file target-v4.pdb (PDB, C-alpha atoms and all ligand atoms)
ATOM      1  CA  MET Z 184     -18.346  73.485  10.548
ATOM      2  CA  GLN Z 185     -15.041  75.201   9.741
ATOM      3  CA  VAL Z 186     -12.562  73.370   7.522
ATOM      4  CA  VAL Z 187      -8.859  73.677   8.311
ATOM      5  CA  ILE Z 188      -5.995  72.270   6.221
ATOM      6  CA  LEU Z 189      -2.774  71.674   8.083
ATOM      7  CA  THR Z 190       0.531  70.718   6.433
ATOM      8  CA  GLY Z 191       3.283  69.017   8.409
ATOM      9  CA  ALA Z 192       0.613  67.541  10.677
ATOM     10  CA  SER Z 193       2.336  64.222  11.380
ATOM     11  CA  ASP Z 194       4.770  65.485  14.011
ATOM     12  CA  GLY Z 195       6.014  68.395  16.112
ATOM     13  CA  ILE Z 196       4.199  71.722  15.959
ATOM     14  CA  GLY Z 197       1.764  70.597  13.220
ATOM     15  CA  ALA Z 198       0.577  67.521  15.125
ATOM     16  CA  GLU Z 199       0.083  69.659  18.242
ATOM     17  CA  LEU Z 200      -1.802  72.296  16.228
ATOM     18  CA  ALA Z 201      -4.155  69.552  15.011
ATOM     19  CA  ARG Z 202      -4.750  68.224  18.532
ATOM     20  CA  GLN Z 203      -5.370  71.697  19.954
ATOM     21  CA  LEU Z 204      -7.725  72.635  17.090
ATOM     22  CA  ALA Z 205      -9.710  69.466  17.800
ATOM     23  CA  ALA Z 206      -9.733  70.215  21.544
ATOM     24  CA  ARG Z 207     -10.855  73.828  20.966
ATOM     25  CA  HIS Z 208     -13.583  73.179  18.402
ATOM     26  CA  GLY Z 209     -14.596  69.504  18.786
ATOM     27  CA  ALA Z 210     -17.382  68.666  16.325
ATOM     28  CA  GLY Z 211     -17.203  72.241  14.994
ATOM     29  CA  VAL Z 212     -14.051  71.554  12.984
ATOM     30  CA  ALA Z 213     -13.053  69.371  10.044
ATOM     31  CA  LEU Z 214      -9.308  68.872   9.785
ATOM     32  CA  VAL Z 215      -7.426  67.884   6.653
ATOM     33  CA  LEU Z 216      -4.065  66.566   7.808
ATOM     34  CA  ALA Z 217      -1.154  66.468   5.368
ATOM     35  CA  ALA Z 218       2.434  65.175   5.550
ATOM     36  CA  ARG Z 219       4.389  62.336   3.962
ATOM     37  CA  SER Z 220       4.065  59.764   6.785
ATOM     38  CA  ALA Z 221       0.557  58.288   6.496
ATOM     39  CA  ASP Z 222       0.933  56.095   9.595
ATOM     40  CA  LYS Z 223       1.905  59.017  11.829
ATOM     41  CA  LEU Z 224      -0.915  61.125  10.363
ATOM     42  CA  GLU Z 225      -3.374  58.343  11.273
ATOM     43  CA  GLN Z 226      -2.197  58.451  14.898
ATOM     44  CA  VAL Z 227      -2.718  62.216  15.070
ATOM     45  CA  ALA Z 228      -6.097  61.785  13.337
ATOM     46  CA  ALA Z 229      -7.184  59.260  15.976
ATOM     47  CA  ASP Z 230      -6.409  61.765  18.765
ATOM     48  CA  CYS Z 231      -8.361  64.494  16.950
ATOM     49  CA  ARG Z 232     -11.352  62.214  16.282
ATOM     50  CA  ALA Z 233     -11.388  61.269  19.960
ATOM     51  CA  ALA Z 234     -11.873  64.992  20.691
ATOM     52  CA  GLY Z 235     -14.898  65.083  18.346
ATOM     53  CA  ALA Z 236     -13.311  66.526  15.191
ATOM     54  CA  THR Z 237     -13.981  65.210  11.697
ATOM     55  CA  VAL Z 238     -10.652  64.302  10.098
ATOM     56  CA  ARG Z 239      -9.363  63.453   6.645
ATOM     57  CA  VAL Z 240      -5.809  62.231   6.239
ATOM     58  CA  GLN Z 241      -4.148  63.196   2.958
ATOM     59  CA  PRO Z 242      -0.598  61.860   2.459
ATOM     60  CA  THR Z 243       1.244  64.724   0.758
ATOM     61  CA  ASP Z 244       4.775  65.705  -0.168
ATOM     62  CA  VAL Z 245       4.579  69.498  -0.282
ATOM     63  CA  GLY Z 246       7.791  69.518  -2.331
ATOM     64  CA  VAL Z 247       5.701  68.177  -5.245
ATOM     65  CA  GLN Z 248       3.294  70.657  -6.796
ATOM     66  CA  ALA Z 249       0.817  67.978  -7.961
ATOM     67  CA  ASP Z 250       0.563  66.700  -4.348
ATOM     68  CA  CYS Z 251      -0.251  70.221  -3.134
ATOM     69  CA  ARG Z 252      -3.035  70.520  -5.721
ATOM     70  CA  ARG Z 253      -4.372  67.084  -4.753
ATOM     71  CA  LEU Z 254      -4.438  68.139  -1.103
ATOM     72  CA  ILE Z 255      -6.612  71.161  -1.804
ATOM     73  CA  ASP Z 256      -8.854  69.167  -4.190
ATOM     74  CA  ALA Z 257      -9.281  66.449  -1.562
ATOM     75  CA  ALA Z 258     -10.381  69.022   1.026
ATOM     76  CA  ILE Z 259     -12.930  70.515  -1.352
ATOM     77  CA  GLN Z 260     -14.236  67.088  -2.407
ATOM     78  CA  ALA Z 261     -14.632  66.008   1.209
ATOM     79  CA  PHE Z 262     -15.995  69.202   2.754
ATOM     80  CA  GLY Z 263     -16.850  71.686  -0.027
ATOM     81  CA  ARG Z 264     -15.059  74.651   1.565
ATOM     82  CA  ILE Z 265     -11.765  75.795   3.137
ATOM     83  CA  ASP Z 266     -11.741  78.242   6.058
ATOM     84  CA  ALA Z 267      -8.065  78.112   6.940
ATOM     85  CA  LEU Z 268      -4.832  76.826   5.469
ATOM     86  CA  ILE Z 269      -1.919  76.447   7.881
ATOM     87  CA  ASN Z 270       1.365  76.169   5.951
ATOM     88  CA  ASN Z 271       3.468  74.517   8.624
ATOM     89  CA  ALA Z 272       5.387  71.703   6.850
ATOM     90  CA  GLY Z 273       9.075  72.396   6.963
ATOM     91  CA  MET Z 274      12.547  70.983   7.327
ATOM     92  CA  SER Z 275      15.733  72.322   8.798
ATOM     93  CA  GLY Z 276      19.311  72.381   7.548
ATOM     94  CA  HIS Z 277      22.525  73.253   9.293
ATOM     95  CA  ALA Z 278      25.929  73.642   7.658
ATOM     96  CA  LEU Z 279      28.533  76.239   6.879
ATOM     97  CA  LEU Z 280      28.371  77.009   3.173
ATOM     98  CA  GLU Z 281      32.083  76.225   2.769
ATOM     99  CA  ASP Z 282      31.450  72.665   4.026
ATOM    100  CA  VAL Z 283      28.716  71.936   1.463
ATOM    101  CA  ALA Z 284      29.941  70.139  -1.674
ATOM    102  CA  ASP Z 285      26.580  69.531  -3.344
ATOM    103  CA  LEU Z 286      23.920  72.249  -3.097
ATOM    104  CA  GLY Z 287      21.125  69.874  -4.114
ATOM    105  CA  TRP Z 288      19.601  69.861  -0.636
ATOM    106  CA  TYR Z 289      19.481  73.683  -0.646
ATOM    107  CA  GLU Z 290      17.053  73.357  -3.562
ATOM    108  CA  ASP Z 291      15.110  70.602  -1.769
ATOM    109  CA  LEU Z 292      14.760  72.792   1.302
ATOM    110  CA  MET Z 293      13.489  75.675  -0.811
ATOM    111  CA  ARG Z 294      10.973  73.361  -2.500
ATOM    112  CA  ILE Z 295       9.609  72.160   0.857
ATOM    113  CA  ASN Z 296       9.710  75.332   2.972
ATOM    114  CA  LEU Z 297       8.895  77.946   0.331
ATOM    115  CA  TRP Z 298       7.378  76.316  -2.743
ATOM    116  CA  GLY Z 299       5.233  73.886  -0.734
ATOM    117  CA  ALA Z 300       3.558  76.860   0.935
ATOM    118  CA  VAL Z 301       3.278  78.770  -2.356
ATOM    119  CA  TRP Z 302       1.752  75.795  -4.212
ATOM    120  CA  CYS Z 303      -0.776  74.970  -1.469
ATOM    121  CA  THR Z 304      -1.732  78.621  -1.051
ATOM    122  CA  HIS Z 305      -2.151  79.193  -4.795
ATOM    123  CA  ALA Z 306      -4.439  76.171  -5.131
ATOM    124  CA  ALA Z 307      -6.492  77.166  -2.062
ATOM    125  CA  LEU Z 308      -6.840  80.844  -3.007
ATOM    126  CA  PRO Z 309     -10.291  80.845  -4.683
ATOM    127  CA  HIS Z 310     -11.734  78.809  -1.819
ATOM    128  CA  LEU Z 311     -10.228  81.067   0.845
ATOM    129  CA  LYS Z 312     -11.638  84.100  -0.975
ATOM    130  CA  SER Z 313     -15.104  82.479  -1.005
ATOM    131  CA  SER Z 314     -14.977  81.857   2.748
ATOM    132  CA  ARG Z 315     -13.140  85.119   3.627
ATOM    133  CA  GLY Z 316     -10.768  82.695   5.268
ATOM    134  CA  ARG Z 317      -7.444  82.671   7.046
ATOM    135  CA  LEU Z 318      -3.919  81.852   5.916
ATOM    136  CA  VAL Z 319      -1.119  80.985   8.306
ATOM    137  CA  ALA Z 320       2.567  80.698   7.411
ATOM    138  CA  VAL Z 321       4.839  79.111   9.990
ATOM    139  CA  SER Z 322       8.108  80.935   9.390
ATOM    140  CA  SER Z 323      10.862  81.234  12.027
ATOM    141  CA  LEU Z 324      12.843  83.788  13.999
ATOM    142  CA  ALA Z 325      15.624  82.607  11.636
ATOM    143  CA  GLY Z 326      13.533  84.377   8.968
ATOM    144  CA  ILE Z 327      13.861  87.678  10.859
ATOM    145  CA  VAL Z 328      17.421  87.378  12.149
ATOM    146  CA  ALA Z 329      19.689  85.288   9.898
ATOM    147  CA  LEU Z 330      21.792  82.697  11.677
ATOM    148  CA  PRO Z 331      25.252  81.400  10.738
ATOM    149  CA  GLY Z 332      25.005  77.797   9.527
ATOM    150  CA  ARG Z 333      21.565  78.625   8.221
ATOM    151  CA  THR Z 334      22.267  80.000   4.736
ATOM    152  CA  ALA Z 335      19.768  77.451   3.411
ATOM    153  CA  TYR Z 336      17.115  77.539   6.163
ATOM    154  CA  SER Z 337      17.118  81.311   6.795
ATOM    155  CA  THR Z 338      16.844  81.886   3.035
ATOM    156  CA  THR Z 339      13.706  79.737   2.807
ATOM    157  CA  LYS Z 340      12.101  81.567   5.734
ATOM    158  CA  PHE Z 341      13.019  85.084   4.550
ATOM    159  CA  ALA Z 342      11.546  84.125   1.164
ATOM    160  CA  MET Z 343       8.402  82.817   2.839
ATOM    161  CA  ASN Z 344       7.956  86.126   4.666
ATOM    162  CA  GLY Z 345       8.261  88.084   1.411
ATOM    163  CA  PHE Z 346       5.649  85.933  -0.295
ATOM    164  CA  PHE Z 347       3.110  86.132   2.518
ATOM    165  CA  GLU Z 348       3.664  89.831   3.275
ATOM    166  CA  ALA Z 349       2.967  90.726  -0.371
ATOM    167  CA  LEU Z 350      -0.004  88.362  -0.491
ATOM    168  CA  ARG Z 351      -1.464  89.847   2.695
ATOM    169  CA  ILE Z 352      -1.908  93.179   0.933
ATOM    170  CA  GLU Z 353      -3.400  91.536  -2.168
ATOM    171  CA  LEU Z 354      -5.931  89.596  -0.104
ATOM    172  CA  ALA Z 355      -7.009  92.311   2.323
ATOM    173  CA  PRO Z 356      -9.810  93.597   0.030
ATOM    174  CA  HIS Z 357     -11.192  90.036  -0.096
ATOM    175  CA  GLY Z 358     -11.343  89.685   3.675
ATOM    176  CA  VAL Z 359      -8.699  86.935   3.732
ATOM    177  CA  THR Z 360      -6.140  87.449   6.496
ATOM    178  CA  VAL Z 361      -2.515  86.308   6.583
ATOM    179  CA  THR Z 362      -0.833  85.466   9.875
ATOM    180  CA  VAL Z 363       2.923  84.856   9.787
ATOM    181  CA  ALA Z 364       4.212  82.985  12.854
ATOM    182  CA  TYR Z 365       7.844  83.298  13.907
ATOM    183  CA  PRO Z 366       8.685  80.558  16.441
ATOM    184  CA  GLY Z 367      12.074  80.603  18.176
ATOM    185  CA  VAL Z 368      13.621  77.358  19.397
ATOM    186  CA  VAL Z 369      10.761  74.891  19.979
ATOM    187  CA  ALA Z 370      11.246  71.442  21.517
ATOM    188  CA  THR Z 371      10.668  69.183  18.491
ATOM    189  CA  GLY Z 372      12.928  66.839  16.542
ATOM    190  CA  ILE Z 373      13.268  69.228  13.588
ATOM    191  CA  ARG Z 374      16.979  69.850  13.993
ATOM    192  CA  LEU Z 375      17.753  66.116  14.301
ATOM    193  CA  ARG Z 376      15.818  65.362  11.099
ATOM    194  CA  GLY Z 377      17.287  68.370   9.260
ATOM    195  CA  TYR Z 378      20.032  68.198   6.631
ATOM    196  CA  ASP Z 379      23.719  68.249   7.506
ATOM    197  CA  ALA Z 380      26.434  69.518   5.126
ATOM    198  CA  ALA Z 381      26.255  66.271   3.106
ATOM    199  CA  GLY Z 382      22.450  66.430   2.873
ATOM    200  CA  HIS Z 383      21.889  63.600   5.393
ATOM    201  CA  PRO Z 384      19.738  63.785   8.569
ATOM    202  CA  ALA Z 385      21.881  65.686  11.084
ATOM    203  CA  GLY Z 386      21.007  63.421  14.049
ATOM    204  CA  LYS Z 387      21.992  66.215  16.456
ATOM    205  CA  SER Z 388      21.088  69.827  17.066
ATOM    206  CA  GLY Z 389      23.532  72.637  16.372
ATOM    207  CA  LEU Z 390      21.606  74.983  18.660
ATOM    208  CA  ASP Z 391      21.651  75.379  22.390
ATOM    209  CA  GLU Z 392      18.292  73.705  23.156
ATOM    210  CA  ARG Z 393      18.137  74.752  26.807
ATOM    211  CA  GLY Z 394      15.059  76.844  27.347
ATOM    212  CA  ALA Z 395      13.361  75.589  24.145
ATOM    213  CA  MET Z 396       9.679  76.509  24.058
ATOM    214  CA  PRO Z 397       7.329  73.556  24.720
ATOM    215  CA  VAL Z 398       5.496  72.580  21.539
ATOM    216  CA  GLU Z 399       2.155  73.016  23.346
ATOM    217  CA  VAL Z 400       2.897  76.691  24.025
ATOM    218  CA  CYS Z 401       4.043  77.323  20.443
ATOM    219  CA  ALA Z 402       0.873  75.742  18.996
ATOM    220  CA  ARG Z 403      -1.344  77.712  21.374
ATOM    221  CA  LEU Z 404       0.263  81.011  20.358
ATOM    222  CA  ILE Z 405      -0.181  80.207  16.654
ATOM    223  CA  LEU Z 406      -3.842  79.263  17.114
ATOM    224  CA  ASP Z 407      -4.523  82.408  19.172
ATOM    225  CA  GLY Z 408      -3.000  84.438  16.304
ATOM    226  CA  LEU Z 409      -5.100  82.572  13.740
ATOM    227  CA  GLN Z 410      -8.295  83.072  15.702
ATOM    228  CA  ALA Z 411      -7.669  86.806  16.219
ATOM    229  CA  ARG Z 412      -6.534  87.216  12.574
ATOM    230  CA  ARG Z 413      -3.264  88.744  13.818
ATOM    231  CA  ARG Z 414      -0.792  89.792  11.116
ATOM    232  CA  GLU Z 415       2.068  88.103  12.945
ATOM    233  CA  VAL Z 416       3.014  86.081  15.977
ATOM    234  CA  VAL Z 417       6.596  86.790  17.049
ATOM    235  CA  MET Z 418       7.520  84.335  19.782
ATOM    236  CA  THR Z 419       9.764  84.958  22.790
ATOM    237  CA  ALA Z 420      10.803  88.277  24.275
ATOM    238  CA  GLN Z 421      14.263  87.750  22.771
ATOM    239  CA  GLY Z 422      12.728  87.402  19.299
ATOM    240  CA  LYS Z 423      10.723  90.618  19.665
ATOM    241  CA  PHE Z 424      13.754  92.470  21.027
ATOM    242  CA  SER Z 425      16.181  91.235  18.331
ATOM    243  CA  ARG Z 426      13.912  92.557  15.632
ATOM    244  CA  TRP Z 427      14.236  96.120  16.965
ATOM    245  CA  LEU Z 428      17.877  95.706  17.904
ATOM    246  CA  LYS Z 429      18.630  94.717  14.300
ATOM    247  CA  LEU Z 430      17.555  98.192  13.196
ATOM    248  CA  LEU Z 431      19.599  99.952  15.871
ATOM    249  CA  ALA Z 432      22.709  97.783  16.239
ATOM    250  CA  PRO Z 433      22.919  95.142  13.472
ATOM    251  CA  GLY Z 434      26.536  94.234  14.307
ATOM    252  CA  LEU Z 435      25.538  93.361  17.856
ATOM    253  CA  VAL Z 436      22.725  91.136  16.534
ATOM    254  CA  ASP Z 437      25.281  89.279  14.363
ATOM    255  CA  ARG Z 438      27.368  88.561  17.454
ATOM    256  CA  LEU Z 439      24.312  87.374  19.405
ATOM    257  CA  ALA Z 440      23.307  85.118  16.477
ATOM    258  CA  LEU Z 441      26.739  83.513  16.598
ATOM    259  CA  LYS Z 442      26.317  82.839  20.308
ATOM    260  CA  ALA Z 443      23.115  80.863  19.636
ATOM    261  CA  LEU Z 444      25.264  78.148  18.034
ATOM    262  CA  LYS Z 445      27.069  75.458  19.971
ATOM    263  CA  ALA Z 446      30.841  76.054  19.967
ATOM    264  CA  ASP Z 447      31.625  72.998  17.792
ATOM    265  CA  VAL Z 448      29.473  74.192  14.868
ATOM    266  CA  ARG Z 449      30.628  77.828  14.809
ATOM    267  CA  PRO Z 450      32.479  79.124  11.735
ATOM    268  CA  HIS Z 451      36.118  77.978  11.837
TER     269      HIS Z 451
HETATM  270  N1  LIG Z 501      10.936  73.480  16.097
HETATM  271  C1  LIG Z 501      11.462  74.690  16.010
HETATM  272  O1  LIG Z 501      12.355  75.061  16.813
HETATM  273  C2  LIG Z 501      10.991  75.645  14.952
HETATM  274  C3  LIG Z 501      11.408  76.975  15.053
HETATM  275  C4  LIG Z 501      10.996  77.884  14.086
HETATM  276  C5  LIG Z 501      10.193  77.470  13.052
HETATM  277  N2  LIG Z 501       9.814  76.171  12.955
HETATM  278  C6  LIG Z 501       8.981  75.779  11.816
HETATM  279  O2  LIG Z 501       7.837  75.113  12.278
HETATM  280  C7  LIG Z 501       7.404  74.176  11.290
HETATM  281  C8  LIG Z 501       7.189  72.831  11.951
HETATM  282  O3  LIG Z 501       8.426  72.422  12.517
HETATM  283  P1  LIG Z 501       8.540  71.286  13.637
HETATM  284  O4  LIG Z 501       9.510  71.756  14.640
HETATM  285  O5  LIG Z 501       7.207  70.826  14.055
HETATM  286  O6  LIG Z 501       9.262  70.143  12.781
HETATM  287  P2  LIG Z 501       9.105  68.545  12.826
HETATM  288  O7  LIG Z 501       8.800  68.095  14.206
HETATM  289  O8  LIG Z 501      10.316  68.000  12.153
HETATM  290  O9  LIG Z 501       7.821  68.309  11.927
HETATM  291  C9  LIG Z 501       7.862  68.697  10.581
HETATM  292  C10 LIG Z 501       6.578  68.303   9.898
HETATM  293  O10 LIG Z 501       6.683  68.691   8.523
HETATM  294  C11 LIG Z 501       6.437  67.535   7.734
HETATM  295  N3  LIG Z 501       7.190  67.569   6.479
HETATM  296  C12 LIG Z 501       8.531  67.624   6.307
HETATM  297  N4  LIG Z 501       8.823  67.582   5.008
HETATM  298  C13 LIG Z 501       7.641  67.491   4.339
HETATM  299  C14 LIG Z 501       7.274  67.379   2.977
HETATM  300  N5  LIG Z 501       8.196  67.354   1.999
HETATM  301  N6  LIG Z 501       5.956  67.290   2.674
HETATM  302  C15 LIG Z 501       5.023  67.305   3.641
HETATM  303  N7  LIG Z 501       5.302  67.406   4.935
HETATM  304  C16 LIG Z 501       6.600  67.487   5.283
HETATM  305  C17 LIG Z 501       6.840  66.345   8.604
HETATM  306  O11 LIG Z 501       6.121  65.185   8.225
HETATM  307  P3  LIG Z 501       6.649  64.004   7.295
HETATM  308  O12 LIG Z 501       8.084  63.775   7.625
HETATM  309  O13 LIG Z 501       5.731  62.888   7.664
HETATM  310  O14 LIG Z 501       6.438  64.452   5.888
HETATM  311  C18 LIG Z 501       6.335  66.817   9.954
HETATM  312  O15 LIG Z 501       4.958  66.575  10.080
HETATM  313  C19 LIG Z 501       8.477  74.174  10.202
HETATM  314  O16 LIG Z 501       8.069  74.962   9.118
HETATM  315  C20 LIG Z 501       9.668  74.797  10.894
HETATM  316  O17 LIG Z 501      10.553  75.428   9.981
HETATM  317  C21 LIG Z 501      10.185  75.245  13.886
END
call {"tool": "encode", "arguments": {"input": "target-v4.pdb", "output": "structure tokens"}}
result
Amino acid sequence: MQVVILTGASDGIGAELARQLAARHGAGVALVLAARSADKLEQVAADCRAAGATVRVQPTDVGVQADCRRLIDAAIQAFGRIDALINNAGMSGHALLEDVADLGWYEDLMRINLWGAVWCTHAALPHLKSSRGRLVAVSSLAGIVALPGRTAYSTTKFAMNGFFEALRIELAPHGVTVTVAYPGVVATGIRLRGYDAAGHPAGKSGLDERGAMPVEVCARLILDGLQARRREVVMTAQGKFSRWLKLLAPGLVDRLALKALKADVRPH
């Protein structure tokens, strides 16, 4: 039975990843589901158990290093091995830097999006080496092409890429693979829950959400990448194209990035 740890499993992409892993592998998978909301994790766990998976719920704040260690310890105590760690927990933030008075939430975002993944990965490393396992980092297209209003969020995702790209090379001799996923705009509540300039939940999205990718499609693409041990999963044709365009015409990419924002949240 393969053992998969999934952070940010209480909602959005993480919850869908858990359900699809259970549907794909049934009794062949043990899932360790982590996030802060225990009640929502239990609901996701019930769906996964109904599909035949063994599930352990581990309430975790990935912004706290001791919680990350406890998560990995709990997985080992329960199942004795770790085959995959999916670092998916994350939050969003949207504000122009000039509108931010207190940068405290920039640090919080870094602790959740970057350090949470670093702490979980560090604690899981010996176990992943033993199993010649798989690491997944859920980054973002905003970690390839920086977006205005995203000086906090894009920074966390660029940093995440640097960490996992370096680690990929270190782990290759041990047979551990690193898959970095770059979703575009996916239909979840992330932007509503994300920080506004004052560090409160934004309650609205600053992006044009038309054409957002269904969460089911995003989760399927990530799991296909995990299964095939792909080095990266860049979602949407626009995402793949912008990566190349950035090399050839970076100024044009800046203008396109600006267009992704709704008019009322553009730089003034
Ligand atoms: N949706 C998109 O358009 C999109 C695009 C690109 C990349 N992504 C990335 O995809 C990942 C998942 O996003 P999503 O859209 O599924 O967001 P979501 O619907 O808001 O879900 C976020 C998940 O992360 C968990 N989480 C947040 N803070 C946490 C913390 N401190 N400790 C532990 N868990 C925490 C949340 O659970 P609790 O609140 O219960 O802790 C929830 O389960 C994120 O890394 C995000 O940056 C999303």
call {"tool": "residues_around", "arguments": {"input": "target-v4.pdb", "residues": "Asp407 of chain Z", "least_positions_apart": "5", "cutoff": "12 Å", "atoms": "only C-alpha atoms", "output": "ChimeraX atom specification"}}
result
/Z:200,203-204,207,319,362,364,400-402,412-416
call {"tool": "residues_around", "arguments": {"input": "target-v4.pdb", "residues": "Thr339 of chain Z", "least_positions_apart": "6", "cutoff": "7 Å", "atoms": "only C-alpha atoms", "output": "count of residues only"}}
result
3
call {"tool": "atom_distance", "arguments": {"input": "target-v4.pdb", "atom1": "atom CA of Ala221 of chain Z", "atom2": "atom CA of Ala198 of chain Z"}}
result
12.6 Å
call {"tool": "residues_near_ligand", "arguments": {"input": "target-v4.pdb", "ligand": "ligand LIG 501 (chain Z)", "cutoff": "7 Å", "atoms": "only C-alpha atoms and all ligand atoms", "output": "number ranges by chain"}}
result
Z: 190-198, 217-220, 223, 243-246, 271-275, 295-296, 321-324, 365-373, 376
call {"tool": "closest_residue", "arguments": {"input": "target-v4.pdb", "among": "Z:Asp250, Z:Lys312, Z:Gly434, Z:Arg232", "to": "Arg264 of chain Z", "atoms": "all atoms listed in the file"}}
result
Z:Lys312
call {"tool": "resolve_selection", "arguments": {"input": "target-v4.pdb", "expression": "the PyMOL selection byres (((chain Z and resi 205) around 9) and not hetatm)", "output": "list in words"}}
result
Leu200, Ala201, Arg202, Gln203, Leu204, Ala206, Arg207, His208, Gly209, Ala210, Gly211, Val212, Ala213, Leu214, Asp230, Cys231, Arg232, Ala233, Ala234, Gly235, Ala236 and Thr237 of chain Z
call {"tool": "write_last_selection", "arguments": {"input": "target-v4.pdb", "atoms": "C-alpha atoms", "output": "tab-separated table (two decimals), in the frame of the given file"}}
result
chain	number	residue	atom	x	y	z
Z	200	LEU	CA	-1.80	72.30	16.23
Z	201	ALA	CA	-4.16	69.55	15.01
Z	202	ARG	CA	-4.75	68.22	18.53
Z	203	GLN	CA	-5.37	71.70	19.95
Z	204	LEU	CA	-7.72	72.64	17.09
Z	206	ALA	CA	-9.73	70.22	21.54
Z	207	ARG	CA	-10.86	73.83	20.97
Z	208	HIS	CA	-13.58	73.18	18.40
Z	209	GLY	CA	-14.60	69.50	18.79
Z	210	ALA	CA	-17.38	68.67	16.32
Z	211	GLY	CA	-17.20	72.24	14.99
Z	212	VAL	CA	-14.05	71.55	12.98
Z	213	ALA	CA	-13.05	69.37	10.04
Z	214	LEU	CA	-9.31	68.87	9.78
Z	230	ASP	CA	-6.41	61.76	18.76
Z	231	CYS	CA	-8.36	64.49	16.95
Z	232	ARG	CA	-11.35	62.21	16.28
Z	233	ALA	CA	-11.39	61.27	19.96
Z	234	ALA	CA	-11.87	64.99	20.69
Z	235	GLY	CA	-14.90	65.08	18.35
Z	236	ALA	CA	-13.31	66.53	15.19
Z	237	THR	CA	-13.98	65.21	11.70
call {"tool": "atom_distance", "arguments": {"input": "target-v4.pdb", "atom1": "atom CA of Ser313 of chain Z", "atom2": "atom CA of Glu199 of chain Z"}}
result
27.7 Å
call {"tool": "resolve_selection", "arguments": {"input": "target-v4.pdb", "expression": "the PyMOL selection byres (((chain Z and resi 419-424) around 9) and not hetatm)", "output": "PDB file with C-alpha atoms, keeping the file's coordinate frame"}}
result
ATOM      1  CA  LEU Z 324      12.843  83.788  13.999  1.00  0.00           C
ATOM      2  CA  ILE Z 327      13.861  87.678  10.859  1.00  0.00           C
ATOM      3  CA  VAL Z 328      17.421  87.378  12.149  1.00  0.00           C
ATOM      4  CA  TYR Z 365       7.844  83.298  13.907  1.00  0.00           C
ATOM      5  CA  PRO Z 366       8.685  80.558  16.441  1.00  0.00           C
ATOM      6  CA  GLY Z 367      12.074  80.603  18.176  1.00  0.00           C
ATOM      7  CA  MET Z 396       9.679  76.509  24.058  1.00  0.00           C
ATOM      8  CA  VAL Z 417       6.596  86.790  17.049  1.00  0.00           C
ATOM      9  CA  MET Z 418       7.520  84.335  19.782  1.00  0.00           C
ATOM     10  CA  SER Z 425      16.181  91.235  18.331  1.00  0.00           C
ATOM     11  CA  ARG Z 426      13.912  92.557  15.632  1.00  0.00           C
ATOM     12  CA  TRP Z 427      14.236  96.120  16.965  1.00  0.00           C
ATOM     13  CA  LEU Z 428      17.877  95.706  17.904  1.00  0.00           C
ATOM     14  CA  LYS Z 429      18.630  94.717  14.300  1.00  0.00           C
TER      15      LYS Z 429
END
call {"tool": "atom_distance", "arguments": {"input": "target-v4.pdb", "atom1": "atom CA of Pro384 of chain Z", "atom2": "atom CA of Gly276 of chain Z"}}
result
8.7 Å
call {"tool": "closest_residue", "arguments": {"input": "target-v4.pdb", "among": "Z:Val247, Z:Leu311, Z:Leu390, Z:Val186", "to": "Pro331 of chain Z", "atoms": "all atoms listed in the file"}}
result
Z:Leu390
call {"tool": "resolve_selection", "arguments": {"input": "target-v4.pdb", "expression": "the PyMOL selection byres (((chain Z and resi 348) around 12) and not hetatm)", "output": "VMD selection string"}}
result
chain Z and resid 318 to 320 322 341 to 347 349 to 355 360 to 364 414 to 415
call {"tool": "closest_residue", "arguments": {"input": "target-v4.pdb", "among": "Z:Asp266, Z:Leu431, Z:Trp298, Z:Leu286", "to": "Ser314 of chain Z", "atoms": "all atoms listed in the file"}}
result
Z:Asp266
call {"tool": "closest_residue", "arguments": {"input": "target-v4.pdb", "among": "Z:Val359, Z:Ile259, Z:Ile269, Z:Ala443", "to": "Glu392 of chain Z", "atoms": "only C-alpha atoms"}}
result
Z:Ala443
call {"tool": "closest_residue", "arguments": {"input": "target-v4.pdb", "among": "Z:Arg317, Z:Arg252, Z:Arg239, Z:His277", "to": "Gly299 of chain Z", "atoms": "all atoms listed in the file"}}
result
Z:Arg252
call {"tool": "closest_residue", "arguments": {"input": "target-v4.pdb", "among": "Z:Leu441, Z:Leu254, Z:Ile188, Z:Ile405", "to": "Gly389 of chain Z", "atoms": "only C-alpha atoms"}}
result
Z:Leu441
